[in-house]
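Colleague: Dropping in start.txt, which is compact mmCIF, C-alpha atoms:
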```txt
# COMPACT_ATOMS: atom_id res chain seq x y z
CA MET A 510 76.23 29.94 95.04
CA ILE A 511 77.37 31.13 91.67
CA ARG A 512 74.25 33.30 91.35
CA LYS A 513 74.75 34.69 94.85
CA ARG A 514 78.39 35.45 94.16
CA SER A 515 77.45 37.19 90.93
CA LEU A 516 74.81 39.25 92.73
CA MET A 517 77.30 40.31 95.38
CA ARG A 518 79.85 41.27 92.74
CA ARG A 519 77.24 43.33 90.88
CA THR A 520 76.25 45.08 94.12
CA ALA A 521 79.90 45.91 94.86
CA VAL A 522 80.38 47.35 91.36
CA VAL A 523 77.29 49.55 91.70
CA ALA A 524 78.38 50.72 95.16
CA ALA A 525 81.86 51.48 93.86
CA ALA A 526 80.44 53.44 90.92
CA GLY A 527 78.16 55.39 93.24
CA ALA A 528 81.05 56.16 95.57
CA ALA A 529 83.17 57.28 92.63
CA ALA A 530 80.38 59.59 91.46
CA LEU A 531 80.12 61.06 94.95
CA VAL A 532 83.88 61.62 95.11
CA LEU A 533 83.89 63.31 91.71
CA ALA A 534 80.97 65.53 92.68
CA ALA A 535 82.62 66.40 95.95
CA CYS A 536 85.92 67.15 94.23
CA GLY A 537 84.22 69.27 91.63
CA GLY A 538 82.19 71.12 94.23
CA SER A 539 85.03 71.62 96.62
CA GLY A 540 87.34 72.61 93.81
CA GLY A 541 84.84 75.21 92.65
CA ASP A 542 84.29 76.43 96.19
CA ASP A 543 87.99 76.58 96.97
CA GLY A 544 88.70 78.35 93.74
CA SER A 545 86.00 80.95 94.17
CA ALA A 546 86.71 81.41 97.87
CA GLY A 547 90.41 81.70 97.22
CA HIS A 548 89.87 84.12 94.34
CA GLY A 549 87.22 86.02 96.24
CA GLY A 550 89.52 86.15 99.25
CA HIS A 551 92.27 87.66 97.17
CA ALA A 552 89.84 90.03 95.54
CA ALA A 553 88.61 91.13 98.95
CA THR A 554 91.96 91.44 100.67
CA ALA A 555 94.21 92.66 97.90
CA PRO A 556 92.25 95.78 97.02
CA SER A 557 91.66 96.67 100.67
CA SER A 558 95.31 96.28 101.61
CA ALA A 559 96.63 97.91 98.45
CA PRO A 560 94.68 101.15 98.87
CA SER A 561 95.54 101.33 102.53
CA SER A 562 99.26 101.13 101.77
CA ALA A 563 98.81 103.51 98.83
CA SER A 564 96.95 105.98 101.01
CA ALA A 565 99.60 105.66 103.71
CA SER A 566 102.35 106.51 101.23
CA ALA A 567 100.22 109.32 99.77
CA SER A 568 99.65 110.83 103.19
CA ALA A 569 103.36 110.52 103.92
CA SER A 570 104.25 112.32 100.70
CA GLN A 571 101.63 114.99 101.39
CA GLY A 572 102.49 115.35 105.07
CA GLN A 573 103.75 118.87 104.38
CA HIS A 574 100.21 120.26 104.56
CA ASN A 575 96.73 119.42 105.77
CA ALA A 576 93.11 120.53 105.33
CA ALA A 577 93.59 123.51 107.66
CA ASP A 578 96.42 124.80 105.43
CA VAL A 579 94.21 124.49 102.35
CA ALA A 580 91.33 126.29 104.11
CA PHE A 581 93.72 129.04 105.26
CA ALA A 582 95.03 129.65 101.73
CA LYS A 583 91.59 129.47 100.09
CA GLY A 584 90.12 131.84 102.67
CA MET A 585 93.01 134.30 102.88
CA ILE A 586 93.37 134.85 99.12
CA PRO A 587 89.93 136.49 98.61
CA HIS A 588 90.30 138.15 102.01
CA HIS A 589 93.58 139.79 100.93
CA ARG A 590 92.12 140.63 97.51
CA GLN A 591 89.34 142.59 99.18
CA ALA A 592 91.83 144.46 101.38
CA VAL A 593 93.80 145.40 98.27
CA GLU A 594 90.55 146.45 96.56
CA MET A 595 89.79 148.69 99.55
CA ALA A 596 93.34 150.07 99.55
CA ASP A 597 93.08 150.93 95.85
CA LEU A 598 90.23 153.34 96.67
CA ALA A 599 92.33 155.42 99.05
CA PRO A 600 94.57 157.46 96.72
CA GLY A 601 91.64 159.20 95.00
CA ARG A 602 89.29 159.43 97.99
CA ALA A 603 91.20 159.72 101.28
CA ARG A 604 92.00 163.08 102.77
CA SER A 605 94.40 161.89 105.47
CA ALA A 606 97.99 161.28 104.40
CA GLU A 607 98.20 158.62 107.13
CA VAL A 608 95.25 156.74 105.67
CA LYS A 609 96.81 156.91 102.21
CA LYS A 610 100.11 155.56 103.54
CA LEU A 611 98.35 152.82 105.50
CA ALA A 612 96.48 151.76 102.34
CA ALA A 613 99.72 151.68 100.36
CA ASP A 614 101.40 149.57 103.09
CA ILE A 615 98.48 147.12 103.12
CA LYS A 616 98.65 146.66 99.34
CA LYS A 617 102.45 146.29 99.41
CA ALA A 618 102.26 143.56 102.07
CA GLN A 619 99.27 141.61 100.82
CA ASP A 620 99.86 141.45 97.05
CA PRO A 621 102.95 139.20 97.45
CA GLU A 622 101.13 137.05 100.01
CA ILE A 623 98.31 136.44 97.52
CA ARG A 624 100.89 135.16 95.01
CA THR A 625 102.52 132.93 97.63
CA LEU A 626 99.20 131.49 98.81
CA SER A 627 98.16 130.83 95.19
CA GLY A 628 101.45 129.03 94.56
CA TRP A 629 100.88 126.75 97.54
CA LEU A 630 97.40 125.79 96.38
CA THR A 631 98.67 125.04 92.88
CA SER A 632 101.49 122.86 94.24
CA TRP A 633 98.97 120.98 96.40
CA GLY A 634 96.72 120.28 93.42
CA GLU A 635 94.01 122.60 94.76
CA ASP A 636 91.99 125.22 92.89
CA VAL A 637 92.96 128.86 93.41
CA PRO A 638 89.87 131.00 94.12
CA ALA A 639 88.94 132.80 90.91
CA GLU A 640 89.37 136.55 90.76
CA GLY A 641 86.15 138.45 90.38
CA ALA A 642 84.14 135.50 91.70
CA MET A 643 84.07 136.93 95.20
CA ASP A 644 80.68 137.63 96.71
CA HIS A 645 81.27 140.02 99.59
CA SER A 646 78.04 139.13 101.33
CA THR A 647 78.13 135.33 101.12
CA HIS A 648 81.80 134.44 100.72
CA ASP A 649 82.57 131.15 102.44
CA MET A 650 85.70 131.24 104.54
CA SER A 651 85.83 127.41 104.45
CA GLY A 652 85.97 126.93 108.17
CA MET A 653 88.09 130.00 108.84
CA GLY A 654 85.68 131.73 111.21
CA GLY A 655 82.69 132.63 109.05
CA MET A 656 82.96 135.92 107.18
CA GLY A 657 86.40 136.65 108.62
CA GLY A 658 85.71 140.40 108.65
CA MET A 659 84.82 140.48 104.97
CA MET A 660 82.84 143.53 103.87
CA THR A 661 79.37 143.14 102.41
CA ALA A 662 78.59 144.45 98.93
CA GLU A 663 76.70 147.33 100.53
CA GLU A 664 79.68 148.30 102.69
CA MET A 665 81.97 148.19 99.67
CA THR A 666 79.59 150.39 97.68
CA GLY A 667 79.38 152.84 100.57
CA LEU A 668 83.17 153.05 100.73
CA GLU A 669 83.41 153.61 96.96
CA ASN A 670 80.92 156.48 97.23
CA ALA A 671 82.65 158.18 100.17
CA SER A 672 85.40 160.80 100.03
CA GLY A 673 87.42 163.06 102.29
CA LYS A 674 87.05 162.61 106.04
CA ALA A 675 83.98 160.36 105.57
CA PHE A 676 86.11 157.99 103.52
CA ASP A 677 88.95 158.09 106.06
CA THR A 678 86.59 157.12 108.88
CA ALA A 679 84.75 154.41 106.91
CA PHE A 680 87.97 152.94 105.52
CA THR A 681 89.59 152.81 108.97
CA GLU A 682 86.58 151.29 110.72
CA LEU A 683 86.02 148.68 108.02
CA MET A 684 89.70 147.82 107.75
CA ILE A 685 89.93 147.26 111.52
CA LYS A 686 87.11 144.71 111.25
CA HIS A 687 88.76 143.22 108.18
CA HIS A 688 92.12 142.90 109.93
CA GLU A 689 90.51 141.36 113.01
CA GLY A 690 89.02 138.67 110.76
CA ALA A 691 92.42 138.00 109.17
CA VAL A 692 94.09 137.72 112.59
CA GLU A 693 91.43 135.21 113.69
CA MET A 694 91.99 133.16 110.52
CA ALA A 695 95.75 133.28 111.04
CA ARG A 696 95.40 132.08 114.63
CA THR A 697 93.32 129.15 113.41
CA GLU A 698 96.08 128.29 110.93
CA GLN A 699 98.74 128.44 113.63
CA ALA A 700 96.68 126.15 115.86
CA ASP A 701 95.59 123.60 113.23
CA GLY A 702 97.91 123.93 110.21
CA ALA A 703 100.80 121.59 109.38
CA HIS A 704 102.59 123.51 106.60
CA GLY A 705 105.56 125.35 108.13
CA PRO A 706 105.65 128.28 105.67
CA ALA A 707 101.88 128.79 106.00
CA ARG A 708 102.10 128.85 109.79
CA LYS A 709 105.00 131.30 109.51
CA MET A 710 102.95 133.57 107.23
CA ALA A 711 100.07 133.33 109.71
CA GLY A 712 102.39 134.58 112.45
CA GLU A 713 103.52 137.50 110.29
CA ILE A 714 99.88 138.39 109.53
CA ILE A 715 99.04 138.36 113.24
CA ASP A 716 101.98 140.64 114.07
CA SER A 717 101.63 143.12 111.20
CA GLN A 718 97.86 143.41 111.18
CA SER A 719 97.60 143.65 114.98
CA ALA A 720 100.04 146.57 114.80
CA GLU A 721 97.95 148.18 112.03
CA ILE A 722 94.78 147.72 114.10
CA GLU A 723 96.44 149.70 116.91
CA GLN A 724 97.50 152.35 114.39
CA MET A 725 93.97 152.62 112.98
CA ASN A 726 92.40 152.81 116.43
CA ALA A 727 94.75 155.71 117.15
CA LEU A 728 93.68 157.39 113.90
CA LEU A 729 90.03 157.12 114.91
CA GLY A 730 90.88 158.69 118.24
CA LYS A 731 92.14 161.81 116.44
CA ASP A 732 89.90 164.78 115.63
```
Take the structure in this file and express it as structure tokens.
Modeller:
Amino acid sequence: MIRKRSLMRRTAVVAAAGAAALVLAACGGSGGDDGSAGHGGHAATAPSSAPSSASASASASQGQHNAADVAFAKGMIPHHRQAVEMADLAPGRARSAEVKKLAADIKKAQDPEIRTLSGWLTSWGEDVPAEGAMDHSTHDMSGMGGMGGMMTAEEMTGLENASGKAFDTAFTELMIKHHEGAVEMARTEQADGAHGPARKMAGEIIDSQSAEIEQMNALLGKD
């Protein structure tokens, strides 16, 4: 009996030790799993929720403009620069006083708009198109209707080499196409843009350049 009791006691001790080892292993394993799952859970959710709230506040603070406004400014700056470049040729080449006045009016209107558009891009943290980097034949209007009436290098060279009535005709025909491109770009801005001042400028471009297109068509209808 004593031996049997001793054997039973020894068996109980071994079983208890084994159970304790299992509990410790389970605790260690579950503690490691809980810790890594909990940490991993935070690592997965915190970054995803933080950026989403950060991006929401960023979009709220930048709600004054959108991608269409940026495309409008980046497209219209080189477009206006080319119109001014064309207008600068008129005083020494044009024969018609009306063409010379039209060129002066174009430069007077578009120079300040270039400065305004550049200021918007700078305030939005965007790059202002570099002067002199314009390629007439391949300039990208960034979604603003392809070439937007931009002259090719060959057309610009032809205009530079013309004078008298030939210049008047070439200037007027090319500027009509140029203005039509600007009006199309401005209409896109009015339809898709979010920046109030940019949409207002687009409306002014539509009005002024549509009127100049009519004026130039009338000039071409003259002798």
Colleague: At what distance in Å, to one decimal, does CA of Phe581 (chain A) lie from CA of Glu594 (chain A)?
Modeller: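 Going from CA of Glu594 (chain A) over to CA of Phe581 (chain A) covers 19.7 Å.
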Colleague: Can you work out which one of A:Met595, A:Leu626, A:Met660, A:Ala703 has the shortest atom-to-atom distance to His574 (chain A), counting only C-alpha atoms?
Modeller: A:Ala703
Colleague: Under the rule that only C-alpha atoms are counted, which of A:Arg624, A:Gly690, A:Leu728, A:Gly673 is the nearest residue to Ile715 (chain A)?
Modeller: A:Gly690
Colleague: Using all atoms listed in the file, can you list as a list in words the residues within 12 Å of (83.3, 161.0, 102.1)?
Modeller: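 Using all atoms listed in the file, the matching residues come out as Leu598, Ala599, Gly601, Arg602, Ala603, Arg604, Ser605, Gly667, Leu668, Glu669, Asn670, Ala671, Ser672, Gly673, Lys674, Ala675, Phe676, Asp677, Thr678, Ala679 and Phe680 of chain A.
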Colleague: Which residue, A:Ala596, A:Val692, A:Met725, A:Val608, has the smallest gap to Met710 (chain A) when you use all atoms listed in the file?
Modeller: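 Under the stated criterion, the closest residue is A:Val692.
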Colleague: Quick one: residues within 7 Å of Asp578 (chain A), all atoms listed in the file, excluding same-chain residues fewer than 5 positions away - as a ChimeraX atom specification?
Modeller: /A:698,702-704,707
Colleague: At what distance in Å, to one decimal, does CA of Gln724 (chain A) lie from CA of Arg590 (chain A)?
Modeller: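 Straight-line distance from CA of Arg590 (chain A) to CA of Gln724 (chain A) works out to 21.2 Å.
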Colleague: May I have the residues within 9 Å of His589 (chain A) as a PDB file with C-alpha atoms, in the coordinates of the input, using all atoms listed in the file and disregarding those fewer than 6 positions away in the same chain?
Modeller:
```pdb
ATOM      1  CA  LYS A 616      98.650 146.660  99.340  1.00  0.00           C
ATOM      2  CA  GLN A 619      99.270 141.610 100.820  1.00  0.00           C
ATOM      3  CA  ASP A 620      99.860 141.450  97.050  1.00  0.00           C
ATOM      4  CA  GLU A 622     101.130 137.050 100.010  1.00  0.00           C
ATOM      5  CA  ILE A 623      98.310 136.440  97.520  1.00  0.00           C
ATOM      6  CA  ALA A 691      92.420 138.000 109.170  1.00  0.00           C
TER       7      ALA A 691
END
```
Colleague: When distances are computed from only C-alpha atoms, which of A:Leu630, A:Met659, A:Ala577, A:Ala612 shows the smallest separation from Gln591 (chain A)?
Modeller: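 Going through A:Leu630, A:Met659, A:Ala577, A:Ala612 one by one, the smallest distance to Gln591 (chain A) is for A:Met659.
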Colleague: Suppose you want the space between CA of Glu640 (chain A) and CA of Ser717 (chain A); what is it in Å?
Modeller: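 Calculated distance between CA of Glu640 (chain A) and CA of Ser717 (chain A) is 24.7 Å.
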Colleague: Nearest to Lys609 (chain A) among A:Asp597, A:Ile722, A:Trp629, A:Met665, with distances taken over all atoms listed in the file: which residue is it?
Modeller: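 The answer is A:Asp597, which sits nearest to Lys609 (chain A).
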Colleague: Pick the closest to Leu729 (chain A) from A:Asp636, A:Glu664, A:Glu682, A:Asp614: which is it, counting all atoms listed in the file?
Modeller: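 Checking each of A:Asp636, A:Glu664, A:Glu682, A:Asp614 against Leu729 (chain A), counting all atoms listed in the file, the winner is A:Glu682.
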